[in-house]
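Asker: Okay, so here is upload_30.cif, and as you'll see once you scroll down, it has mmCIF, C-alpha atoms and all ligand atoms.
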```
data_upload
#
loop_
_atom_site.label_atom_id
_atom_site.label_comp_id
_atom_site.auth_asym_id
_atom_site.auth_seq_id
_atom_site.Cartn_x
_atom_site.Cartn_y
_atom_site.Cartn_z
CA MET A 269 -99.70 142.50 -90.52
CA MET A 270 -97.38 140.38 -92.61
CA VAL A 271 -94.01 141.86 -93.53
CA LYS A 272 -91.67 140.43 -96.14
CA ARG A 273 -88.20 141.23 -97.28
CA ILE A 274 -87.57 140.55 -100.95
CA ILE A 275 -84.21 140.54 -102.68
CA ALA A 276 -84.29 140.80 -106.48
CA ASN A 277 -82.29 142.10 -109.40
CA SER A 278 -84.32 145.26 -109.85
CA VAL A 279 -87.11 147.22 -108.23
CA SER A 280 -89.55 146.11 -110.89
CA GLU A 281 -88.67 142.46 -110.30
CA ALA A 282 -89.08 142.94 -106.57
CA MET A 283 -92.44 144.63 -107.15
CA GLU A 284 -93.60 141.68 -109.20
CA LEU A 285 -92.63 139.35 -106.37
CA VAL A 286 -94.43 141.46 -103.80
CA LYS A 287 -97.50 141.43 -105.96
CA GLN A 288 -97.37 137.65 -106.26
CA ASP A 289 -96.72 137.16 -102.57
CA LEU A 290 -98.71 139.84 -100.80
CA GLY A 291 -101.19 140.94 -103.44
CA GLU A 292 -102.35 144.26 -104.82
CA GLU A 293 -102.81 145.94 -101.43
CA ALA A 294 -99.20 145.57 -100.37
CA ILE A 295 -97.46 148.53 -98.84
CA ILE A 296 -93.83 149.20 -99.64
CA LEU A 297 -92.00 150.08 -96.44
CA ASN A 298 -88.54 150.51 -97.83
CA THR A 299 -86.28 149.87 -100.83
CA ARG A 300 -82.53 150.09 -101.01
CA GLN A 301 -79.67 148.85 -103.17
CA ILE A 302 -77.50 146.17 -101.60
CA LYS A 303 -74.46 144.15 -102.66
CA VAL A 304 -74.47 140.39 -102.23
CA GLY A 305 -71.87 137.64 -102.58
CA GLY A 306 -68.30 138.27 -103.61
CA VAL A 307 -64.92 137.67 -102.05
CA PHE A 308 -62.89 140.50 -100.46
CA GLY A 309 -65.26 142.99 -102.03
CA LEU A 310 -64.81 141.54 -105.52
CA PHE A 311 -67.47 139.98 -107.75
CA THR A 312 -70.31 141.33 -105.66
CA GLN A 313 -73.69 141.59 -107.35
CA LYS A 314 -75.91 144.64 -107.09
CA LYS A 315 -79.41 143.73 -105.85
CA VAL A 316 -82.46 145.54 -104.65
CA GLU A 317 -83.88 144.87 -101.21
CA LEU A 318 -87.50 145.73 -100.73
CA VAL A 319 -89.52 145.45 -97.52
CA ALA A 320 -93.28 145.26 -97.98
CA SER A 321 -96.24 144.55 -95.78
CA VAL A 322 -99.92 143.75 -96.06
CA GLU A 323 -102.56 144.41 -93.43
CA GLU A 324 -104.18 140.99 -93.20
CA HIS A 325 -105.38 138.03 -95.28
CA PRO A 326 -102.46 138.06 -97.65
CA VAL A 327 -103.35 136.99 -101.12
CA ALA A 328 -102.19 133.47 -101.95
CA PRO A 329 -99.07 133.46 -104.07
CA SER A 330 -99.74 133.15 -107.76
CA LYS A 331 -98.46 130.10 -109.63
CA LYS A 332 -96.05 132.21 -111.69
CA GLN A 333 -92.34 131.43 -111.24
CA PRO A 334 -90.79 134.18 -109.14
CA PHE A 335 -87.61 135.90 -110.31
CA ALA A 336 -85.88 135.34 -106.98
CA ASN A 337 -86.65 133.75 -103.63
CA PRO A 338 -88.55 136.01 -101.30
CA GLU A 339 -87.23 135.69 -97.78
CA PRO A 340 -89.59 136.20 -94.84
CA VAL A 341 -88.09 138.58 -92.30
CA SER A 342 -88.88 138.96 -88.66
CA VAL A 343 -89.60 142.57 -87.81
CA PRO A 344 -89.68 143.98 -84.26
CA PRO A 345 -93.16 144.93 -83.00
CA THR A 346 -92.36 148.65 -83.21
CA ALA A 347 -91.72 148.17 -86.88
CA ARG A 348 -94.99 146.57 -87.67
CA LEU A 349 -97.15 149.54 -88.27
CA HIS A 350 -96.74 152.32 -90.81
CA GLY A 351 -93.57 154.31 -90.58
CA GLY A 352 -91.86 152.47 -87.73
CA VAL A 353 -89.60 150.12 -89.60
CA ASN A 354 -85.99 149.93 -88.61
CA SER A 355 -84.51 146.67 -89.79
CA GLY A 356 -80.95 147.97 -89.86
CA MET A 357 -81.70 150.15 -92.85
CA THR A 358 -80.73 153.79 -92.95
CA GLU A 359 -83.06 155.01 -95.71
CA GLN A 360 -86.10 157.14 -95.00
CA VAL A 361 -89.21 154.99 -94.79
CA ILE A 362 -92.46 156.24 -96.24
CA PRO A 363 -95.20 153.65 -96.62
CA THR A 364 -96.76 153.87 -100.03
CA VAL A 365 -99.62 151.90 -101.51
CA VAL A 366 -98.33 150.08 -104.54
CA SER A 367 -100.21 150.11 -107.79
CA PHE A 368 -99.54 146.84 -109.49
CA ALA A 369 -101.97 147.27 -112.36
CA SER A 370 -99.05 146.86 -114.75
CA ARG A 371 -95.26 147.24 -114.73
CA ARG A 372 -95.77 150.87 -115.59
CA LEU A 373 -94.88 153.72 -113.31
CA PRO A 374 -97.36 154.88 -110.66
CA GLU A 375 -99.85 157.52 -111.77
CA ALA A 376 -97.95 160.33 -110.09
CA LEU A 377 -95.00 159.58 -112.39
CA GLY A 378 -97.17 159.34 -115.52
CA ARG A 379 -95.28 162.03 -117.43
CA TYR A 380 -92.01 160.15 -116.91
CA GLU A 381 -93.30 157.10 -118.73
CA VAL A 382 -92.61 158.63 -122.14
CA LEU A 383 -88.90 158.53 -121.28
CA LEU A 384 -88.87 154.78 -121.01
CA ALA A 385 -89.86 154.50 -124.67
CA GLU A 386 -87.10 156.82 -125.93
CA PRO A 387 -84.85 154.94 -128.42
CA ALA A 388 -81.77 156.59 -126.90
CA LEU A 389 -82.68 155.14 -123.50
CA GLN A 390 -83.42 151.58 -124.45
CA ARG A 391 -80.23 150.17 -122.96
CA CYS A 392 -80.79 151.87 -119.62
CA ALA A 393 -84.61 152.08 -119.51
CA GLU A 394 -84.91 149.41 -116.82
CA GLU A 395 -82.28 151.07 -114.66
CA LEU A 396 -83.99 154.47 -114.99
CA HIS A 397 -87.37 152.88 -114.30
CA ASP A 398 -86.02 151.33 -111.09
CA LEU A 399 -84.34 154.55 -110.09
CA MET A 400 -87.55 156.54 -110.55
CA LEU A 401 -89.64 153.98 -108.65
CA SER A 402 -87.27 153.61 -105.74
CA THR A 403 -86.80 157.40 -105.42
CA TYR A 404 -90.54 157.86 -105.48
CA TYR A 405 -91.21 155.17 -102.90
CA LYS A 406 -88.46 156.47 -100.65
CA THR A 407 -89.41 160.13 -100.80
CA ASN A 408 -93.00 160.24 -102.01
CA ASP A 409 -91.91 163.37 -103.85
CA VAL A 410 -92.07 163.74 -107.63
CA THR A 411 -89.56 166.60 -107.69
CA GLN A 412 -87.05 164.28 -106.03
CA VAL A 413 -87.62 161.82 -108.88
CA GLU A 414 -86.75 164.53 -111.39
CA GLN A 415 -83.67 165.50 -109.38
CA GLY A 416 -82.64 161.82 -109.21
CA LEU A 417 -82.88 161.62 -113.00
CA VAL A 418 -80.79 164.75 -113.46
CA GLU A 419 -78.11 163.31 -111.19
CA ALA A 420 -78.14 159.95 -112.98
CA VAL A 421 -77.73 161.69 -116.34
CA GLU A 422 -75.00 163.95 -115.01
CA LYS A 423 -72.91 160.96 -113.94
CA GLU A 424 -72.65 159.84 -117.57
CA ILE A 425 -71.94 163.17 -119.27
CA GLN A 426 -68.51 164.69 -119.51
CA VAL A 427 -67.64 167.96 -121.19
CA THR A 428 -64.38 168.94 -122.81
CA THR A 429 -62.52 171.89 -124.27
CA ALA A 430 -60.22 172.02 -127.29
CA THR A 431 -56.65 171.45 -126.16
CA SER A 432 -54.90 171.28 -129.57
CA ARG A 433 -54.21 174.26 -131.81
CA PHE A 434 -55.83 172.41 -134.70
CA VAL A 435 -59.56 171.83 -134.36
CA MET A 436 -61.33 169.80 -137.04
CA LEU A 437 -65.08 169.42 -137.46
CA THR A 438 -66.41 166.43 -139.33
CA GLY A 439 -69.78 164.75 -139.72
CA PRO A 440 -72.66 164.01 -142.08
CA THR A 441 -74.05 166.45 -144.65
CA GLY A 442 -75.93 169.53 -143.59
CA VAL A 443 -75.56 169.14 -139.82
CA GLY A 444 -74.06 172.62 -139.41
CA LYS A 445 -70.28 172.05 -139.58
CA THR A 446 -69.48 175.23 -141.54
CA THR A 447 -71.90 177.37 -139.53
CA THR A 448 -70.39 176.04 -136.29
CA ILE A 449 -66.85 176.74 -137.59
CA ALA A 450 -67.94 180.35 -138.16
CA LYS A 451 -69.41 180.57 -134.64
CA LEU A 452 -66.21 179.11 -133.16
CA ALA A 453 -64.01 181.43 -135.23
CA ALA A 454 -65.95 184.46 -133.98
CA TYR A 455 -65.81 183.17 -130.40
CA TYR A 456 -62.03 182.63 -130.38
CA ARG A 457 -61.32 185.82 -132.34
CA LEU A 458 -63.76 188.28 -130.76
CA THR A 459 -64.43 186.90 -127.27
CA LYS A 460 -61.10 185.24 -126.50
CA GLN A 461 -59.04 187.74 -128.53
CA GLN A 462 -57.03 184.94 -130.15
CA THR A 463 -55.56 184.80 -133.64
CA VAL A 464 -57.59 182.37 -135.73
CA GLY A 465 -56.98 180.69 -139.09
CA LEU A 466 -59.37 178.63 -141.19
CA ILE A 467 -58.68 175.69 -143.48
CA THR A 468 -61.35 174.04 -145.58
CA THR A 469 -60.97 170.71 -147.29
CA ASP A 470 -64.55 170.86 -148.56
CA THR A 471 -63.69 171.36 -152.22
CA TYR A 472 -66.59 169.32 -153.59
CA ARG A 473 -68.80 172.37 -153.98
CA ILE A 474 -67.71 175.89 -154.97
CA SER A 475 -70.49 177.27 -152.77
CA ALA A 476 -68.96 175.54 -149.74
CA ILE A 477 -65.72 177.50 -150.15
CA GLU A 478 -67.65 180.71 -150.76
CA GLN A 479 -69.74 180.12 -147.64
CA LEU A 480 -66.63 179.92 -145.46
CA ARG A 481 -64.87 182.75 -147.29
CA THR A 482 -67.78 185.06 -146.47
CA TYR A 483 -67.45 184.27 -142.77
CA ALA A 484 -63.63 184.60 -142.93
CA ASP A 485 -63.98 188.06 -144.53
CA ILE A 486 -66.54 189.25 -141.97
CA ILE A 487 -64.47 188.07 -139.00
CA ASP A 488 -61.28 189.18 -140.78
CA ILE A 489 -59.26 185.98 -140.51
CA PRO A 490 -57.20 184.04 -143.12
CA LEU A 491 -58.68 181.08 -145.02
CA ARG A 492 -56.74 178.36 -146.86
CA VAL A 493 -58.31 175.82 -149.21
CA ALA A 494 -56.71 172.36 -149.34
CA TYR A 495 -57.44 169.93 -152.17
CA ASP A 496 -55.28 167.06 -150.93
CA LEU A 497 -53.15 165.93 -148.01
CA GLU A 498 -50.08 167.81 -149.30
CA GLU A 499 -51.98 171.11 -149.54
CA PHE A 500 -53.51 170.43 -146.17
CA GLU A 501 -50.06 170.11 -144.57
CA GLN A 502 -48.94 173.25 -146.42
CA ALA A 503 -51.96 175.21 -145.16
CA LYS A 504 -51.20 174.10 -141.61
CA THR A 505 -47.63 175.38 -141.99
CA GLU A 506 -48.81 178.70 -143.46
CA LEU A 507 -51.15 179.27 -140.53
CA ALA A 508 -48.63 178.09 -137.95
CA ASP A 509 -48.56 181.51 -136.26
CA CYS A 510 -52.26 181.42 -135.39
CA ASP A 511 -53.35 180.56 -131.85
CA ILE A 512 -56.06 178.28 -133.19
CA ILE A 513 -56.71 176.80 -136.63
CA LEU A 514 -60.24 175.60 -137.39
CA ILE A 515 -60.61 172.96 -140.11
CA ASP A 516 -63.86 172.47 -142.03
CA THR A 517 -64.49 169.21 -143.88
CA ALA A 518 -67.00 168.10 -146.48
CA GLY A 519 -70.12 166.42 -145.21
CA ARG A 520 -70.66 162.94 -146.62
CA ASN A 521 -73.43 160.43 -146.63
CA PHE A 522 -72.58 158.39 -143.58
CA LEU A 523 -74.04 155.27 -145.17
CA ASP A 524 -71.11 155.43 -147.60
CA ALA A 525 -68.61 153.01 -146.07
CA GLY A 526 -65.68 154.83 -147.73
CA TYR A 527 -66.44 158.10 -145.92
CA VAL A 528 -63.90 157.77 -143.15
CA GLU A 529 -61.29 156.37 -145.56
CA GLN A 530 -61.68 159.44 -147.78
CA LEU A 531 -61.42 161.67 -144.75
CA LYS A 532 -58.22 159.95 -143.66
CA ALA A 533 -56.75 160.36 -147.17
CA ARG A 534 -57.17 164.14 -146.97
CA HIS A 535 -56.28 164.82 -143.35
CA ASP A 536 -53.67 164.12 -140.82
CA PHE A 537 -55.30 163.80 -137.41
CA SER A 538 -52.12 164.15 -135.36
CA ASP A 539 -52.00 167.22 -133.07
CA THR A 540 -55.65 167.79 -133.94
CA ASP A 541 -58.82 167.76 -131.88
CA VAL A 542 -61.38 166.06 -134.09
CA PHE A 543 -64.99 166.81 -133.16
CA LEU A 544 -67.85 164.82 -134.61
CA VAL A 545 -70.76 167.14 -135.43
CA LEU A 546 -74.17 165.54 -135.03
CA SER A 547 -77.59 167.06 -135.46
CA LEU A 548 -80.00 166.44 -132.59
CA THR A 549 -82.81 166.29 -135.12
CA SER A 550 -81.46 162.97 -136.47
CA LYS A 551 -82.87 159.60 -135.44
CA TYR A 552 -80.96 157.98 -132.60
CA ARG A 553 -80.26 154.83 -134.59
CA ASP A 554 -78.66 156.88 -137.36
CA LEU A 555 -76.56 158.81 -134.86
CA GLU A 556 -75.27 155.54 -133.44
CA GLN A 557 -74.32 154.32 -136.91
CA ILE A 558 -72.55 157.55 -137.78
CA ARG A 559 -70.59 157.34 -134.56
CA GLN A 560 -69.60 153.75 -135.33
CA ARG A 561 -68.26 154.85 -138.73
CA PHE A 562 -65.81 157.02 -136.79
CA ASP A 563 -64.41 154.18 -134.72
CA GLN A 564 -61.06 154.53 -136.51
CA VAL A 565 -60.81 158.27 -135.92
CA PRO A 566 -59.60 159.52 -132.53
CA LEU A 567 -62.54 161.73 -131.54
CA SER A 568 -61.97 164.43 -128.93
CA GLY A 569 -65.65 165.13 -128.47
CA PHE A 570 -69.12 165.64 -129.87
CA ILE A 571 -70.67 168.86 -131.09
CA PHE A 572 -74.44 168.61 -130.99
CA THR A 573 -76.24 170.99 -133.34
CA LYS A 574 -79.83 172.12 -133.88
CA ALA A 575 -80.77 171.79 -130.20
CA ASP A 576 -83.37 174.47 -131.01
CA GLU A 577 -85.15 172.21 -133.50
CA THR A 578 -85.96 169.23 -131.35
CA THR A 579 -88.34 168.37 -128.52
CA GLU A 580 -85.92 166.02 -126.79
CA LEU A 581 -82.19 165.80 -126.18
CA TRP A 582 -81.87 162.21 -124.98
CA SER A 583 -79.49 161.37 -127.84
CA ILE A 584 -76.79 163.34 -125.98
CA TYR A 585 -77.20 161.07 -122.97
CA GLY A 586 -77.45 157.85 -125.01
CA LEU A 587 -74.34 158.55 -127.09
CA THR A 588 -72.11 159.84 -124.33
CA MET A 589 -73.11 156.97 -122.05
CA GLU A 590 -72.35 154.41 -124.77
CA THR A 591 -69.06 155.89 -125.91
CA ARG A 592 -67.71 157.90 -122.96
CA ILE A 593 -66.88 160.61 -125.52
CA PRO A 594 -67.33 164.08 -123.98
CA VAL A 595 -69.42 166.99 -125.25
CA PHE A 596 -67.59 170.05 -126.62
CA CYS A 597 -70.50 172.40 -127.32
CA LEU A 598 -74.11 172.66 -128.43
CA THR A 599 -75.55 174.93 -131.10
CA THR A 600 -78.96 176.42 -130.69
CA GLY A 601 -79.87 178.22 -133.91
CA GLN A 602 -78.75 179.61 -137.25
CA GLU A 603 -77.42 182.93 -136.00
CA VAL A 604 -73.66 183.44 -136.25
CA PRO A 605 -71.97 183.97 -133.84
CA GLU A 606 -74.47 183.90 -130.98
CA ASP A 607 -76.20 180.52 -131.25
CA ILE A 608 -73.56 178.39 -129.56
CA ILE A 609 -73.25 177.35 -125.91
CA TRP A 610 -70.71 175.54 -123.72
CA PRO A 611 -72.86 174.16 -120.92
CA THR A 612 -71.40 172.31 -117.93
CA SER A 613 -72.32 168.68 -117.29
CA PRO A 614 -75.00 169.57 -114.66
CA GLU A 615 -76.44 172.18 -117.07
CA ILE A 616 -76.64 169.67 -119.92
CA SER A 617 -78.24 167.09 -117.63
CA ARG A 618 -80.89 169.52 -116.48
CA MET A 619 -81.57 170.63 -120.05
CA ILE A 620 -82.00 167.01 -121.15
CA VAL A 621 -84.38 166.08 -118.34
CA GLU A 622 -86.42 169.29 -118.47
CA ARG A 623 -86.76 169.23 -122.27
CA GLY A 624 -87.76 165.55 -122.14
CA LEU A 625 -90.55 166.28 -119.66
CA ARG A 626 -91.97 169.40 -121.24
N1 LIG A 701 -81.89 175.49 -136.51
C1 LIG A 701 -80.57 175.39 -136.63
N2 LIG A 701 -80.01 175.40 -137.84
C2 LIG A 701 -78.68 175.29 -137.92
C3 LIG A 701 -77.85 175.16 -136.78
N3 LIG A 701 -76.57 175.05 -137.21
C4 LIG A 701 -76.62 175.12 -138.56
N4 LIG A 701 -77.88 175.26 -139.00
C5 LIG A 701 -78.36 175.37 -140.38
O1 LIG A 701 -78.15 174.14 -141.02
C6 LIG A 701 -77.94 174.35 -142.41
C7 LIG A 701 -76.67 173.65 -142.86
O2 LIG A 701 -75.58 174.29 -142.25
P1 LIG A 701 -74.08 174.12 -142.76
O3 LIG A 701 -73.21 174.82 -141.77
O4 LIG A 701 -73.95 174.51 -144.18
O5 LIG A 701 -73.94 172.55 -142.63
P2 LIG A 701 -72.69 171.66 -143.05
O6 LIG A 701 -72.61 170.54 -142.10
O7 LIG A 701 -71.47 172.51 -143.21
O8 LIG A 701 -73.19 171.14 -144.48
P3 LIG A 701 -72.32 170.42 -145.62
O9 LIG A 701 -71.01 171.15 -145.71
O10 LIG A 701 -73.16 170.56 -146.85
O11 LIG A 701 -72.17 169.01 -145.21
C8 LIG A 701 -77.89 175.87 -142.59
O12 LIG A 701 -79.15 176.31 -143.03
C9 LIG A 701 -77.60 176.39 -141.19
O13 LIG A 701 -78.09 177.70 -140.97
C10 LIG A 701 -78.47 175.16 -135.49
O14 LIG A 701 -77.85 175.03 -134.43
N5 LIG A 701 -79.83 175.26 -135.48
MG MG A 702 -70.18 172.77 -144.84
#
```
Let me see the file written as structure tokens.
Ligand SMILES: Nc1nc2c(ncn2[C@@H]2O[C@H](COP(=O)(O)OP(=O)(O)OP(=O)(O)O)[C@@H](O)[C@H]2O)c(=O)[nH]1
Ligand SMILES: [Mg+2]
Answerer:
Amino acid sequence: MMVKRIIANSVSEAMELVKQDLGEEAIILNTRQIKVGGVFGLFTQKKVELVASVEEHPVAPSKKQPFANPEPVSVPPTARLHGGVNSGMTEQVIPTVVSFASRRLPEALGRYEVLLAEPALQRCAEELHDLMLSTYYKTNDVTQVEQGLVEAVEKEIQVTTATSRFVMLTGPTGVGKTTTIAKLAAYYRLTKQQTVGLITTDTYRISAIEQLRTYADIIDIPLRVAYDLEEFEQAKTELADCDIILIDTAGRNFLDAGYVEQLKARHDFSDTDVFLVLSLTSKYRDLEQIRQRFDQVPLSGFIFTKADETTELWSIYGLTMETRIPVFCLTTGQEVPEDIIWPTSPEISRMIVERGLR
């Protein structure tokens, strides 16, 4: 039996090298992440170490340029047959026949492949691919692969609460800002027993004011309408006694470059938690652009709406990973006040992974 130790930048690279060196019948004995190089722990590079073996007659290496130099390793006799490897590695070793038909995932992980094509995951697809492969080869257990994904997602997602008395919702047209304001107002008023005030600066449409007035009347809380920055400041002063003041804004076409400028002309963001409301039914590329428009606004968090109207939630992961902006809440339907949730980071991660694999 020939055993080789390969060091490469990723599991898929290492797999490619094994294939070239040992052929299609190679058996993966172990994979683990290692750090190489560096001085005093600085500037180290993350690499993947993979130990593979082949029974006999190894296939001649192909003429393709390898990604990295495979290093032969001498393995004690006890380590030579299935399951006995102990080359100073602590990971569990489960020999697994490698399918090298393509750089796709093994058949057992077929349903995970769809994830790698998700637009929201393009920047981390390779990392997730490697994670899934190495977990699978280490454990031979598909449920462990799912758990590994949940944990990887969880690391990137933070949640937040509103810490200011003033809470403003902004975002593109029709995403559910006003409906979410009504849900929040009911939550703070009825569940948390707080005094709540509403301000709307959406004066572009009469119906927008009426929509919020209806909710204000039902919940029995005051509403102020502000047409400019001066009235906005005045409304804030008038509602100063309230525990929490929710501010609704007009939705605008996010492709309009003046959107954020107009918003800034009508609002003062100091002492205010500004939440960007995004619909999960939007394309990921559009969500990224909307978020970029808000670079000049200090965002306290995201509110993701219409979680009930989509088959996947990967945008939450993509956006929070890119921006490090936390999640405030999710909305899950049109019903006021019930269709709003405040999941924890592990709950969001599980929702994302489970929905994506349905
Ligand atoms: N399915 C679903 N529909 C929602 C959700 N939240 C809001 N909606 C619906 O989305 C539509 C638009 O909601 P609005 O609250 O008026 O949206 P908006 O962002 O205030 O819209 P503009 O002020 O016009 O920019 C309404 O039909 C809501 O019932 C949700 O979580 N799920
Ligand atoms: Mg509205």
Asker: Identify, counting all atoms listed in the file, the protein, DNA and RNA residues located within 7 Å of ligand LIG 701 (chain A), and give them as a list in words.
Answerer: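 Listed by chain and ascending number, the contacts are Gly439, Pro440, Thr441, Gly442, Val443, Gly444, Lys445, Thr446, Thr447, Thr448, Ala476, Ala518, Gly519, Arg520, Thr573, Lys574, Ala575, Asp576, Glu577, Thr599, Thr600, Gly601, Gln602 and Asp607 of chain A.
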Asker: Show me the residues close to (-90.9, 170.4, -129.6) - anything with an atom within 10 Å, counting only C-alpha atoms - and format the list as a list in words.
Answerer: Asp576, Glu577, Thr578, Thr579, Glu580, Arg623, Gly624 and Arg626 of chain A
Asker: Can you pull out every residue within 12 Å of Gln412 (chain A), counting only C-alpha atoms, but drop anything in the same chain fewer than 5 positions away, and send it as a list in words?
Answerer: Leu377, Leu399, Met400, Leu401, Ser402, Thr403, Tyr404, Tyr405, Lys406, Thr407, Leu417, Val418 and Glu419 of chain A
Asker: Tell me, as number ranges by chain, which residues lie within 12 Å of Ile584 (chain A), counting only C-alpha atoms; anything in the same chain fewer than 6 positions away does not count.
Answerer: A: 387-389, 421-422, 424-427, 545-552, 555-556, 569-573, 575, 590-598, 613, 616-617, 619-621, 624
Asker: Using the selection just defined, write its residues with C-alpha atoms as a PDB file, in the frame of the given file.
Answerer:
```pdb
ATOM      1  CA  PRO A 387     -84.850 154.940-128.420  1.00  0.00           C
ATOM      2  CA  ALA A 388     -81.770 156.590-126.900  1.00  0.00           C
ATOM      3  CA  LEU A 389     -82.680 155.140-123.500  1.00  0.00           C
ATOM      4  CA  VAL A 421     -77.730 161.690-116.340  1.00  0.00           C
ATOM      5  CA  GLU A 422     -75.000 163.950-115.010  1.00  0.00           C
ATOM      6  CA  GLU A 424     -72.650 159.840-117.570  1.00  0.00           C
ATOM      7  CA  ILE A 425     -71.940 163.170-119.270  1.00  0.00           C
ATOM      8  CA  GLN A 426     -68.510 164.690-119.510  1.00  0.00           C
ATOM      9  CA  VAL A 427     -67.640 167.960-121.190  1.00  0.00           C
ATOM     10  CA  VAL A 545     -70.760 167.140-135.430  1.00  0.00           C
ATOM     11  CA  LEU A 546     -74.170 165.540-135.030  1.00  0.00           C
ATOM     12  CA  SER A 547     -77.590 167.060-135.460  1.00  0.00           C
ATOM     13  CA  LEU A 548     -80.000 166.440-132.590  1.00  0.00           C
ATOM     14  CA  THR A 549     -82.810 166.290-135.120  1.00  0.00           C
ATOM     15  CA  SER A 550     -81.460 162.970-136.470  1.00  0.00           C
ATOM     16  CA  LYS A 551     -82.870 159.600-135.440  1.00  0.00           C
ATOM     17  CA  TYR A 552     -80.960 157.980-132.600  1.00  0.00           C
ATOM     18  CA  LEU A 555     -76.560 158.810-134.860  1.00  0.00           C
ATOM     19  CA  GLU A 556     -75.270 155.540-133.440  1.00  0.00           C
ATOM     20  CA  GLY A 569     -65.650 165.130-128.470  1.00  0.00           C
ATOM     21  CA  PHE A 570     -69.120 165.640-129.870  1.00  0.00           C
ATOM     22  CA  ILE A 571     -70.670 168.860-131.090  1.00  0.00           C
ATOM     23  CA  PHE A 572     -74.440 168.610-130.990  1.00  0.00           C
ATOM     24  CA  THR A 573     -76.240 170.990-133.340  1.00  0.00           C
ATOM     25  CA  ALA A 575     -80.770 171.790-130.200  1.00  0.00           C
ATOM     26  CA  GLU A 590     -72.350 154.410-124.770  1.00  0.00           C
ATOM     27  CA  THR A 591     -69.060 155.890-125.910  1.00  0.00           C
ATOM     28  CA  ARG A 592     -67.710 157.900-122.960  1.00  0.00           C
ATOM     29  CA  ILE A 593     -66.880 160.610-125.520  1.00  0.00           C
ATOM     30  CA  PRO A 594     -67.330 164.080-123.980  1.00  0.00           C
ATOM     31  CA  VAL A 595     -69.420 166.990-125.250  1.00  0.00           C
ATOM     32  CA  PHE A 596     -67.590 170.050-126.620  1.00  0.00           C
ATOM     33  CA  CYS A 597     -70.500 172.400-127.320  1.00  0.00           C
ATOM     34  CA  LEU A 598     -74.110 172.660-128.430  1.00  0.00           C
ATOM     35  CA  SER A 613     -72.320 168.680-117.290  1.00  0.00           C
ATOM     36  CA  ILE A 616     -76.640 169.670-119.920  1.00  0.00           C
ATOM     37  CA  SER A 617     -78.240 167.090-117.630  1.00  0.00           C
ATOM     38  CA  MET A 619     -81.570 170.630-120.050  1.00  0.00           C
ATOM     39  CA  ILE A 620     -82.000 167.010-121.150  1.00  0.00           C
ATOM     40  CA  VAL A 621     -84.380 166.080-118.340  1.00  0.00           C
ATOM     41  CA  GLY A 624     -87.760 165.550-122.140  1.00  0.00           C
TER      42      GLY A 624
END
```
Asker: One decimal, in Å: what's the spacing between CA of Lys423 (chain A) and CA of Ala276 (chain A)?
Answerer: 24.3 Å
Asker: Which one of A:Leu625, A:Ala450, A:Ile512, A:Val413 sits closest to ligand MG 702 (chain A) if you count all atoms listed in the file?
Answerer: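 Counting all atoms listed in the file, the residue closest to ligand MG 702 (chain A) is A:Ala450.
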Asker: Which of these residues is nearest to Phe522 (chain A), using only C-alpha atoms: A:Gln557, A:Gln301, A:Ser538, A:Thr429?
Answerer: A:Gln557
Asker: Work out how far apart CA of Ala320 (chain A) and CA of Arg273 (chain A) are and give it in Å to one decimal.
Answerer: 6.5 Å
Asker: Measuring between all atoms listed in the file, which one of A:Glu529, A:Glu375, A:Asp511, A:Glu284 shows the shortest distance to Ile489 (chain A)?
Answerer: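 So, comparing all the options, the nearest one is A:Asp511.
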Asker: Nearest to ligand MG 702 (chain A): which of A:Ile487, A:Ile515, A:Ile274, A:Leu384 is it, counting all atoms listed in the file?
Answerer: A:Ile515
Asker: From the options A:Leu383, A:Gln462, A:Lys287, A:Ala282, which residue's atoms come nearest to Lys315 (chain A), counting all atoms listed in the file?
Answerer: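 The closest residue to Lys315 (chain A) is A:Ala282.
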Asker: In Å, how far is it from CA of Asp509 (chain A) to CA of Thr463 (chain A)?
Answerer: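 Calculated distance between CA of Asp509 (chain A) and CA of Thr463 (chain A) is 8.2 Å.
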Asker: Taking 2 positions as the minimum chain separation for residues in the same chain, which residues sit within 12 Å of Ala508 (chain A) when counting all atoms listed in the file? Answer as an mmCIF file with C-alpha atoms, in the frame of the given file.
Answerer:
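Listed below is the output, out.cif:
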```cif
data_model
loop_
_atom_site.group_PDB
_atom_site.id
_atom_site.type_symbol
_atom_site.label_atom_id
_atom_site.label_comp_id
_atom_site.auth_asym_id
_atom_site.auth_seq_id
_atom_site.Cartn_x
_atom_site.Cartn_y
_atom_site.Cartn_z
ATOM 1 C CA ARG A 433 -54.210 174.260 -131.810
ATOM 2 C CA PHE A 434 -55.830 172.410 -134.700
ATOM 3 C CA THR A 463 -55.560 184.800 -133.640
ATOM 4 C CA VAL A 464 -57.590 182.370 -135.730
ATOM 5 C CA GLY A 465 -56.980 180.690 -139.090
ATOM 6 C CA LEU A 466 -59.370 178.630 -141.190
ATOM 7 C CA ILE A 467 -58.680 175.690 -143.480
ATOM 8 C CA PRO A 490 -57.200 184.040 -143.120
ATOM 9 C CA GLU A 501 -50.060 170.110 -144.570
ATOM 10 C CA GLN A 502 -48.940 173.250 -146.420
ATOM 11 C CA ALA A 503 -51.960 175.210 -145.160
ATOM 12 C CA LYS A 504 -51.200 174.100 -141.610
ATOM 13 C CA THR A 505 -47.630 175.380 -141.990
ATOM 14 C CA GLU A 506 -48.810 178.700 -143.460
ATOM 15 C CA CYS A 510 -52.260 181.420 -135.390
ATOM 16 C CA ASP A 511 -53.350 180.560 -131.850
ATOM 17 C CA ILE A 512 -56.060 178.280 -133.190
ATOM 18 C CA ILE A 513 -56.710 176.800 -136.630
ATOM 19 C CA LEU A 514 -60.240 175.600 -137.390
#
```
